[in-house]
$ cat work_22.csv   # CSV, C-alpha atoms and all ligand atoms
chain,number,residue,atom,x,y,z
A,1,ALA,CA,29.8,-24.9,6.6
A,2,THR,CA,28.2,-23.8,9.9
A,3,ARG,CA,25.0,-25.4,10.8
A,4,PRO,CA,22.1,-23.0,11.4
A,5,LYS,CA,21.5,-22.6,15.1
A,6,ALA,CA,18.3,-24.1,16.5
A,7,THR,CA,17.1,-20.6,17.7
A,8,THR,CA,16.8,-19.6,14.0
A,9,LEU,CA,13.7,-21.7,13.9
A,10,PHE,CA,12.1,-19.3,16.4
A,11,GLY,CA,12.7,-16.3,14.1
A,12,LYS,CA,16.0,-14.6,13.4
A,13,ARG,CA,17.9,-13.7,16.6
A,14,GLY,CA,16.6,-10.4,18.0
A,15,MET,CA,14.3,-9.6,15.1
A,16,SER,CA,10.9,-8.2,15.8
A,17,LEU,CA,7.9,-9.6,14.1
A,18,GLU,CA,7.9,-6.6,11.8
A,19,GLU,CA,11.6,-7.1,10.9
A,20,GLU,CA,10.9,-10.8,10.2
A,21,LEU,CA,8.0,-9.9,7.9
A,22,ASN,CA,10.1,-7.2,6.1
A,23,ASP,CA,12.8,-9.8,5.6
A,24,SER,CA,10.3,-12.3,4.3
A,25,ASN,CA,8.7,-9.8,1.9
A,26,GLN,CA,12.2,-9.0,0.6
A,27,TYR,CA,12.7,-12.7,0.0
A,28,TYR,CA,9.4,-13.0,-1.8
A,29,ARG,CA,10.1,-10.0,-4.0
A,30,SER,CA,13.6,-11.3,-4.9
A,31,GLN,CA,12.0,-14.6,-6.0
A,32,SER,CA,9.2,-12.7,-7.9
A,33,MET,CA,6.7,-14.5,-5.8
A,34,ALA,CA,4.8,-11.5,-4.5
A,35,VAL,CA,5.2,-7.7,-4.2
A,36,VAL,CA,4.3,-6.8,-0.6
A,37,TYR,CA,5.7,-3.9,1.5
A,38,LYS,CA,5.2,-2.5,5.0
A,39,LYS,CA,3.6,0.9,4.7
A,40,PRO,CA,5.7,3.7,6.2
A,41,THR,CA,4.6,5.1,9.5
A,42,PRO,CA,2.5,8.2,8.9
A,43,ILE,CA,4.2,11.3,10.3
A,44,GLN,CA,2.8,14.8,10.8
A,45,ILE,CA,5.7,17.2,9.9
A,46,VAL,CA,5.6,20.6,11.6
A,47,LYS,CA,9.0,22.0,11.0
A,48,VAL,CA,11.7,21.4,8.4
A,49,ASP,CA,15.2,23.0,8.2
A,50,TYR,CA,16.9,23.4,4.8
A,51,PRO,CA,20.6,23.9,5.7
A,52,ALA,CA,22.7,25.2,2.8
A,53,ARG,CA,24.3,22.5,0.8
A,54,SER,CA,22.9,19.6,2.8
A,55,GLN,CA,19.7,17.6,2.9
A,56,ALA,CA,16.5,18.8,4.6
A,57,VAL,CA,16.2,18.0,8.3
A,58,ILE,CA,12.9,17.5,10.0
A,59,LYS,CA,13.1,19.3,13.3
A,60,GLU,CA,9.6,18.8,14.6
A,61,ALA,CA,7.1,16.1,13.8
A,62,TYR,CA,4.6,13.8,15.4
A,63,PHE,CA,3.4,10.2,14.9
A,64,LYS,CA,0.0,10.0,13.4
A,65,GLN,CA,-2.6,7.2,13.7
A,66,ALA,CA,-2.4,5.0,10.6
A,67,SER,CA,-5.8,4.8,8.8
A,68,THR,CA,-5.1,1.4,7.4
A,69,THR,CA,-3.2,-1.8,8.1
A,70,ASP,CA,0.6,-2.5,8.2
A,71,TYR,CA,1.1,-4.3,4.9
A,72,ASN,CA,-0.4,-4.6,1.5
A,73,GLY,CA,0.6,-5.8,-2.0
A,74,ILE,CA,-0.1,-8.2,-4.8
A,75,TYR,CA,0.3,-12.0,-4.9
A,76,GLN,CA,-0.7,-13.9,-8.1
A,77,GLY,CA,-3.2,-11.3,-9.2
A,78,ARG,CA,-4.7,-11.0,-5.7
A,79,TYR,CA,-4.7,-8.0,-3.4
A,80,LEU,CA,-3.2,-8.9,0.0
A,81,ASP,CA,-3.8,-6.7,3.0
A,82,PHE,CA,-2.7,-7.6,6.5
A,83,GLU,CA,-1.8,-6.4,10.0
A,84,ALA,CA,1.0,-8.0,12.1
A,85,LYS,CA,0.4,-8.2,15.9
A,86,GLU,CA,2.2,-9.8,18.8
A,87,THR,CA,0.9,-10.6,22.3
A,88,LYS,CA,2.5,-11.7,25.5
A,89,ASN,CA,-0.6,-13.5,26.4
A,90,LYS,CA,-0.5,-17.4,26.3
A,91,THR,CA,-4.2,-18.3,26.0
A,92,ALA,CA,-5.9,-15.6,24.0
A,93,PHE,CA,-5.3,-12.6,21.7
A,94,PRO,CA,-6.7,-9.4,23.2
A,95,PHE,CA,-8.7,-7.1,21.0
A,96,ARG,CA,-7.0,-4.0,22.6
A,97,ASN,CA,-4.3,-4.7,20.0
A,98,PHE,CA,-6.7,-3.6,17.2
A,99,HIS,CA,-8.3,-0.3,16.4
A,100,GLN,CA,-11.8,0.2,15.0
A,101,HIS,CA,-10.4,1.9,11.8
A,102,GLN,CA,-8.4,-1.2,11.1
A,103,ILE,CA,-11.5,-3.4,11.3
A,104,GLU,CA,-13.3,-1.0,9.0
A,105,HIS,CA,-10.4,-1.0,6.6
A,106,PHE,CA,-10.5,-4.9,6.5
A,107,ARG,CA,-14.3,-4.8,5.9
A,108,ALA,CA,-13.9,-2.4,3.0
A,109,CYS,CA,-11.1,-4.5,1.4
A,110,LEU,CA,-13.0,-7.7,1.9
A,111,GLN,CA,-16.0,-6.2,0.1
A,112,GLN,CA,-13.7,-5.4,-2.9
A,113,GLY,CA,-12.5,-9.0,-2.9
A,114,GLY,CA,-9.2,-8.7,-1.1
A,115,ILE,CA,-7.4,-11.4,0.8
A,116,CYS,CA,-7.3,-9.9,4.3
A,117,PHE,CA,-5.8,-11.3,7.5
A,118,VAL,CA,-3.8,-10.8,10.7
A,119,ILE,CA,-0.4,-12.4,11.3
A,120,MET,CA,-0.5,-13.0,15.0
A,121,LYS,CA,2.3,-14.1,17.2
A,122,PHE,CA,1.9,-15.5,20.7
A,123,VAL,CA,5.4,-14.5,21.9
A,124,PRO,CA,5.7,-16.7,25.0
A,125,LEU,CA,4.6,-19.7,23.0
A,126,GLN,CA,6.7,-18.8,19.9
A,127,ARG,CA,3.6,-19.7,17.8
A,128,LEU,CA,2.6,-17.7,14.7
A,129,PHE,CA,-0.8,-17.8,12.9
A,130,LEU,CA,-2.5,-16.3,10.0
A,131,LEU,CA,-6.1,-15.5,11.1
A,132,PRO,CA,-8.6,-14.5,8.3
A,133,ALA,CA,-9.9,-11.0,8.8
A,134,SER,CA,-13.5,-12.3,8.5
A,135,GLU,CA,-13.0,-14.2,11.7
A,136,LEU,CA,-11.5,-11.2,13.5
A,137,ILE,CA,-14.4,-9.0,12.3
A,138,THR,CA,-17.1,-11.5,13.4
A,139,ARG,CA,-15.6,-11.7,17.0
A,140,TRP,CA,-14.9,-7.9,17.1
A,141,ASP,CA,-18.5,-7.1,16.2
A,142,ALA,CA,-19.8,-9.7,18.8
A,143,GLN,CA,-18.2,-7.6,21.6
A,144,ALA,CA,-21.1,-5.2,21.3
A,145,ASP,CA,-23.4,-8.1,22.4
A,146,GLY,CA,-21.3,-8.8,25.4
A,147,ALA,CA,-19.0,-11.4,23.9
A,148,ARG,CA,-15.4,-11.7,25.2
A,149,LYS,CA,-12.8,-9.1,24.4
A,150,SER,CA,-10.2,-11.5,23.1
A,151,ILE,CA,-9.9,-14.4,20.7
A,152,PRO,CA,-9.1,-17.7,22.5
A,153,LEU,CA,-6.0,-19.5,21.3
A,154,GLU,CA,-8.1,-22.6,20.5
A,155,ILE,CA,-10.2,-20.5,18.1
A,156,VAL,CA,-7.1,-19.1,16.4
A,157,ILE,CA,-5.8,-22.7,16.0
A,158,LYS,CA,-9.1,-23.8,14.6
A,159,GLN,CA,-10.0,-20.9,12.3
A,160,GLY,CA,-6.4,-19.8,11.5
A,161,TYR,CA,-3.4,-21.4,9.8
A,162,GLU,CA,-0.3,-22.0,11.8
A,163,ILE,CA,3.0,-20.7,10.2
A,164,ASN,CA,6.2,-22.4,11.2
A,165,TYR,CA,9.4,-20.3,11.2
A,166,GLN,CA,12.0,-21.4,8.7
A,167,LEU,CA,15.3,-20.2,7.3
A,168,ASN,CA,14.2,-18.3,4.1
A,169,PRO,CA,11.7,-16.7,4.1
A,170,THR,CA,11.8,-16.5,7.9
A,171,ILE,CA,7.9,-16.3,8.0
A,172,PRO,CA,6.6,-18.3,5.0
A,173,TYR,CA,3.2,-16.8,5.2
A,174,LEU,CA,2.3,-17.2,1.5
A,175,SER,CA,1.8,-21.0,2.2
A,176,ALA,CA,-0.9,-20.0,4.7
A,177,VAL,CA,-2.3,-17.5,2.2
A,178,ASP,CA,-2.6,-20.4,-0.3
A,179,GLN,CA,-4.6,-22.4,2.2
A,180,LEU,CA,-6.9,-19.5,2.9
A,181,ILE,CA,-7.5,-19.0,-0.8
A,182,ALA,CA,-8.1,-22.7,-1.4
A,183,TYR,CA,-10.6,-22.7,1.5
A,184,GLN,CA,-12.4,-19.7,0.1
A,185,VAL,CA,-12.6,-21.2,-3.4
A,186,LYS,CA,-14.0,-24.4,-1.9
A,187,ARG,CA,-16.6,-22.6,0.1
A,188,SER,CA,-17.7,-20.5,-2.9
A,189,ASN,CA,-18.3,-23.6,-5.1
B,1,ALA,CA,-28.3,26.8,-5.2
B,2,THR,CA,-25.0,28.2,-6.3
B,3,ARG,CA,-23.7,27.1,-9.6
B,4,PRO,CA,-20.2,25.5,-9.5
B,5,LYS,CA,-17.6,27.9,-10.7
B,6,ALA,CA,-16.0,27.1,-14.1
B,7,THR,CA,-12.6,26.9,-12.5
B,8,THR,CA,-13.8,23.8,-10.5
B,9,LEU,CA,-13.5,21.9,-13.8
B,10,PHE,CA,-9.8,22.4,-13.7
B,11,GLY,CA,-9.4,20.9,-10.3
B,12,LYS,CA,-10.4,22.3,-7.0
B,13,ARG,CA,-8.9,25.7,-6.3
B,14,GLY,CA,-5.4,25.6,-5.1
B,15,MET,CA,-5.2,21.8,-4.8
B,16,SER,CA,-2.1,19.9,-5.9
B,17,LEU,CA,-2.5,16.8,-8.0
B,18,GLU,CA,-1.8,14.8,-4.9
B,19,GLU,CA,-4.5,16.5,-2.9
B,20,GLU,CA,-7.0,16.1,-5.8
B,21,LEU,CA,-6.2,12.4,-5.9
B,22,ASN,CA,-6.5,12.0,-2.1
B,23,ASP,CA,-9.8,13.8,-2.3
B,24,SER,CA,-11.0,11.4,-5.1
B,25,ASN,CA,-9.8,8.4,-3.2
B,26,GLN,CA,-11.8,9.5,-0.2
B,27,TYR,CA,-14.9,9.8,-2.4
B,28,TYR,CA,-14.3,6.4,-3.9
B,29,ARG,CA,-14.0,4.9,-0.4
B,30,SER,CA,-17.1,6.6,0.9
B,31,GLN,CA,-19.0,5.2,-2.1
B,32,SER,CA,-17.5,1.7,-1.5
B,33,MET,CA,-16.2,1.8,-5.0
B,34,ALA,CA,-12.5,1.2,-4.3
B,35,VAL,CA,-10.0,1.2,-1.4
B,36,VAL,CA,-7.0,3.2,-2.4
B,37,TYR,CA,-4.6,5.3,-0.3
B,38,LYS,CA,-1.5,7.4,-0.8
B,39,LYS,CA,1.3,5.8,1.0
B,40,PRO,CA,2.9,7.9,3.7
B,41,THR,CA,6.2,9.5,2.9
B,42,PRO,CA,9.0,7.4,4.3
B,43,ILE,CA,11.0,9.1,7.0
B,44,GLN,CA,14.2,8.0,8.7
B,45,ILE,CA,13.8,8.9,12.4
B,46,VAL,CA,17.0,9.7,14.3
B,47,LYS,CA,15.9,11.4,17.5
B,48,VAL,CA,12.6,11.3,19.5
B,49,ASP,CA,11.8,13.1,22.7
B,50,TYR,CA,9.2,11.7,25.1
B,51,PRO,CA,8.2,14.6,27.3
B,52,ALA,CA,6.4,13.7,30.5
B,53,ARG,CA,2.6,13.6,30.1
B,54,SER,CA,2.6,14.5,26.4
B,55,GLN,CA,3.0,12.9,23.1
B,56,ALA,CA,6.3,11.8,21.6
B,57,VAL,CA,8.1,14.6,19.5
B,58,ILE,CA,10.4,13.7,16.6
B,59,LYS,CA,13.3,16.1,16.9
B,60,GLU,CA,15.5,14.8,14.1
B,61,ALA,CA,14.5,12.9,11.0
B,62,TYR,CA,15.2,12.8,7.3
B,63,PHE,CA,13.2,12.1,4.1
B,64,LYS,CA,14.0,8.7,2.6
B,65,GLN,CA,13.7,7.7,-1.1
B,66,ALA,CA,10.4,5.8,-1.5
B,67,SER,CA,11.0,2.2,-2.8
B,68,THR,CA,7.6,2.0,-4.5
B,69,THR,CA,5.0,4.2,-6.1
B,70,ASP,CA,2.6,6.8,-4.5
B,71,TYR,CA,-0.7,4.9,-4.4
B,72,ASN,CA,-2.0,1.4,-4.2
B,73,GLY,CA,-5.2,-0.4,-3.3
B,74,ILE,CA,-8.0,-2.6,-4.5
B,75,TYR,CA,-10.8,-2.1,-7.0
B,76,GLN,CA,-13.3,-4.8,-7.8
B,77,GLY,CA,-10.9,-7.6,-6.9
B,78,ARG,CA,-8.0,-6.0,-8.8
B,79,TYR,CA,-4.8,-4.6,-7.3
B,80,LEU,CA,-4.2,-1.0,-8.4
B,81,ASP,CA,-0.7,0.6,-8.3
B,82,PHE,CA,0.1,4.0,-9.6
B,83,GLU,CA,2.2,7.0,-9.5
B,84,ALA,CA,1.0,10.6,-9.9
B,85,LYS,CA,3.3,13.1,-11.7
B,86,GLU,CA,3.0,16.6,-13.0
B,87,THR,CA,5.0,18.5,-15.6
B,88,LYS,CA,5.2,22.1,-16.7
B,89,ASN,CA,6.1,20.9,-20.2
B,90,LYS,CA,3.5,21.3,-22.9
B,91,THR,CA,4.6,18.8,-25.5
B,92,ALA,CA,6.2,15.9,-23.7
B,93,PHE,CA,6.5,14.2,-20.3
B,94,PRO,CA,10.2,14.1,-19.3
B,95,PHE,CA,11.5,10.8,-17.9
B,96,ARG,CA,13.5,12.7,-15.2
B,97,ASN,CA,10.2,12.7,-13.3
B,98,PHE,CA,10.6,8.9,-12.8
B,99,HIS,CA,13.2,6.8,-10.9
B,100,GLN,CA,14.5,3.4,-11.9
B,101,HIS,CA,13.1,1.8,-8.7
B,102,GLN,CA,9.6,2.9,-9.6
B,103,ILE,CA,10.0,1.3,-13.1
B,104,GLU,CA,11.2,-1.9,-11.4
B,105,HIS,CA,8.3,-1.8,-9.0
B,106,PHE,CA,5.8,-1.5,-11.9
B,107,ARG,CA,7.5,-4.4,-13.7
B,108,ALA,CA,7.2,-6.6,-10.6
B,109,CYS,CA,3.5,-5.6,-10.0
B,110,LEU,CA,2.6,-6.2,-13.7
B,111,GLN,CA,4.2,-9.6,-13.5
B,112,GLN,CA,1.9,-10.4,-10.6
B,113,GLY,CA,-1.1,-9.3,-12.6
B,114,GLY,CA,-1.6,-5.8,-11.2
B,115,ILE,CA,-3.2,-2.8,-12.9
B,116,CYS,CA,-0.4,-0.3,-13.0
B,117,PHE,CA,-0.3,3.2,-14.4
B,118,VAL,CA,0.7,6.8,-14.1
B,119,ILE,CA,-1.7,9.6,-13.7
B,120,MET,CA,0.1,12.5,-15.5
B,121,LYS,CA,-0.8,16.1,-15.6
B,122,PHE,CA,0.4,18.6,-18.1
B,123,VAL,CA,-0.1,21.6,-15.9
B,124,PRO,CA,0.1,24.4,-18.5
B,125,LEU,CA,-2.5,22.5,-20.7
B,126,GLN,CA,-4.7,21.5,-17.7
B,127,ARG,CA,-4.8,18.0,-19.2
B,128,LEU,CA,-4.8,14.8,-17.3
B,129,PHE,CA,-4.1,11.3,-18.5
B,130,LEU,CA,-3.9,7.7,-17.3
B,131,LEU,CA,-0.9,6.2,-19.0
B,132,PRO,CA,-0.5,2.4,-18.7
B,133,ALA,CA,2.8,1.4,-17.0
B,134,SER,CA,3.5,-1.0,-19.8
B,135,GLU,CA,3.9,1.9,-22.2
B,136,LEU,CA,6.1,3.8,-19.8
B,137,ILE,CA,8.3,0.8,-19.3
B,138,THR,CA,8.7,0.2,-23.0
B,139,ARG,CA,9.8,3.8,-23.6
B,140,TRP,CA,11.9,3.9,-20.5
B,141,ASP,CA,13.8,0.8,-21.6
B,142,ALA,CA,14.3,2.2,-25.1
B,143,GLN,CA,16.4,5.1,-23.7
B,144,ALA,CA,19.3,2.7,-23.4
B,145,ASP,CA,19.2,2.3,-27.2
B,146,GLY,CA,19.3,6.1,-27.7
B,147,ALA,CA,15.6,6.8,-27.8
B,148,ARG,CA,14.2,10.1,-26.5
B,149,LYS,CA,14.2,10.9,-22.8
B,150,SER,CA,10.5,11.9,-22.7
B,151,ILE,CA,7.1,10.7,-23.9
B,152,PRO,CA,5.6,13.0,-26.5
B,153,LEU,CA,2.1,14.3,-25.7
B,154,GLU,CA,0.7,12.7,-28.9
B,155,ILE,CA,1.8,9.3,-27.6
B,156,VAL,CA,0.2,9.9,-24.2
B,157,ILE,CA,-3.0,10.9,-26.1
B,158,LYS,CA,-2.8,7.8,-28.2
B,159,GLN,CA,-1.7,5.2,-25.6
B,160,GLY,CA,-3.3,6.7,-22.6
B,161,TYR,CA,-6.8,7.6,-21.5
B,162,GLU,CA,-7.7,11.2,-20.9
B,163,ILE,CA,-9.4,12.1,-17.6
B,164,ASN,CA,-11.6,15.1,-17.4
B,165,TYR,CA,-11.9,16.9,-14.1
B,166,GLN,CA,-15.3,16.9,-12.5
B,167,LEU,CA,-17.0,17.8,-9.3
B,168,ASN,CA,-17.0,14.6,-7.4
B,169,PRO,CA,-14.6,12.8,-7.5
B,170,THR,CA,-12.4,15.6,-8.7
B,171,ILE,CA,-10.3,13.1,-10.7
B,172,PRO,CA,-12.6,10.3,-11.9
B,173,TYR,CA,-9.7,8.0,-12.7
B,174,LEU,CA,-11.6,4.7,-12.2
B,175,SER,CA,-13.4,5.3,-15.5
B,176,ALA,CA,-10.0,5.3,-17.2
B,177,VAL,CA,-9.1,2.2,-15.2
B,178,ASP,CA,-12.2,0.5,-16.6
B,179,GLN,CA,-11.1,1.4,-20.1
B,180,LEU,CA,-7.6,0.0,-19.5
B,181,ILE,CA,-9.0,-3.2,-18.0
B,182,ALA,CA,-11.5,-3.6,-21.0
B,183,TYR,CA,-8.6,-3.1,-23.4
B,184,GLN,CA,-6.5,-5.7,-21.6
B,185,VAL,CA,-9.3,-8.2,-21.6
B,186,LYS,CA,-9.9,-7.7,-25.3
B,187,ARG,CA,-6.2,-8.1,-26.1
B,188,SER,CA,-6.0,-11.3,-24.1
B,189,ASN,CA,-8.9,-12.9,-25.9
C,1,MG,MG,1.1,-3.9,13.5
C,2,MG,MG,4.4,11.3,-7.3

$ encode --input "work_22.csv" --output "structure tokens" --more "lines below"
Ligand SMILES: [Mg+2]
Ligand SMILES: [Mg+2]
Amino acid sequence: ATRPKATTLFGKRGMSLEEELNDSNQYYRSQSMAVVYKKPTPIQIVKVDYPARSQAVIKEAYFKQASTTDYNGIYQGRYLDFEAKETKNKTAFPFRNFHQHQIEHFRACLQQGGICFVIMKFVPLQRLFLLPASELITRWDAQADGARKSIPLEIVIKQGYEINYQLNPTIPYLSAVDQLIAYQVKRSN
Amino acid sequence: ATRPKATTLFGKRGMSLEEELNDSNQYYRSQSMAVVYKKPTPIQIVKVDYPARSQAVIKEAYFKQASTTDYNGIYQGRYLDFEAKETKNKTAFPFRNFHQHQIEHFRACLQQGGICFVIMKFVPLQRLFLLPASELITRWDAQADGARKSIPLEIVIKQGYEINYQLNPTIPYLSAVDQLIAYQVKRSN
């Protein structure tokens, strides 16, 4: 048997964060642990050809701005909703990675009782965190009062939950979700 | 004030079932009652042009089979997952409108505790129902034992919840969801 290469611990070779999460979601579904999918990219279709005897071909289309976040689904009766983001920054996560409509979507889902978060990757550090959406929203809103336009790494470490890459699932984010839920339950008691 | 036309009661003029549901979901979001969206159609992109100084143009792409259902979201802490389907049939809803992977997706979501259903429209009758996914699955599975390949209207009436078109939201399906939840709570006690 070949031993897994050490690099595997930093994510599967050449996979993007999105691919790693899709891979992890597939694992979670196969184990009946959760049902979570990446939403398809919204496309504005302008022109479609229907060649005889073969499948329809889209000939002109444009990328549309997504109105929500990247991922949603269900885990043990709870609605999960999250966004995945990477940064090349080493000390803080810049807000320019987020859009106002994503913040509003998080706000609406939190109000309905959803479990909402960001999975953020500091690429140069090879460190991954689950940051609760509530923390993101608080700091996003504070920008209007002149607060900084990024979240410092030390805050992400303190308010978030670090996720360590492993073999299967590549990104075991449900363990971090368990911690977030346990924290919320404790706070509400 | 103009009186709403009688035809409005049969859905907004010229709208498809999907458009009516999108419209209803927008209403529910605007009233902070639920956060539900139609998932974008999955597309396999083959060729993209990046013209100088203008937005990317998709030049070749294909429609992909969706792996899940049409709609999902959150309502009062509960995960909702549903498919919308129309038939021209007057007496039964044919199974050919469903795919095996949609049935499996419902099964997986129900196992996680989701609220799963089909919104079915009998177009010639202008009648709309919410049918619980559990009922669909039972009858789908029975096909293997030679049972019929459709669900009779009388079963949909008996096991489902009729939804009457109204002005806003056009399709007030959350009332039917409330009935489904109340029924499940009663059964589990
Ligand atoms: Mg993303
Ligand atoms: Mg459909």

$ residues_around --input "work_22.csv" --residues "Arg148 of chain A" --least-positions-apart "3" --cutoff "12 Å" --atoms "only C-alpha atoms" --output "number ranges by chain"
A: 92-96, 138-145, 151-152

$ residues_around --input "work_22.csv" --residues "segment 64-79 of chain B" --least-positions-apart "3" --cutoff "6 Å" --atoms "all atoms listed in the file" --output "PyMOL selection string"
(chain A and resi 79+112-113) or (chain B and resi 34-39+42-43+82-83+102+105+114)

$ atom_distance --input "work_22.csv" --atom1 "atom CA of Ser16 of chain B" --atom2 "atom CA of Glu86 of chain B"
9.3 Å

$ closest_residue --input "work_22.csv" --among "A:Lys85, A:Lys59, A:Arg53, A:Arg187" --to "chain B" --atoms "only C-alpha atoms"
A:Lys59

$ atom_distance --input "work_22.csv" --atom1 "atom CA of Phe122 of chain B" --atom2 "atom CA of Asn89 of chain B"
6.5 Å

$ atom_distance --input "work_22.csv" --atom1 "atom CA of Leu174 of chain B" --atom2 "atom CA of Lys90 of chain B"
24.9 Å

$ residues_around --input "work_22.csv" --residues "Ser24 of chain A" --least-positions-apart "4" --cutoff "8 Å" --atoms "all atoms listed in the file" --output "count of residues only"
7

$ closest_residue --input "work_22.csv" --among "A:Gly14, A:Asn22, A:Ala52, A:Phe63" --to "chain B" --atoms "only C-alpha atoms"
A:Phe63

$ closest_residue --input "work_22.csv" --among "A:Met120, A:Leu131, A:Leu17, A:Met33" --to "chain B" --atoms "all atoms listed in the file"
A:Met33

$ closest_residue --input "work_22.csv" --among "B:Lys186, B:Lys88, B:Arg107, B:Lys149" --to "chain A" --atoms "only C-alpha atoms"
B:Arg107
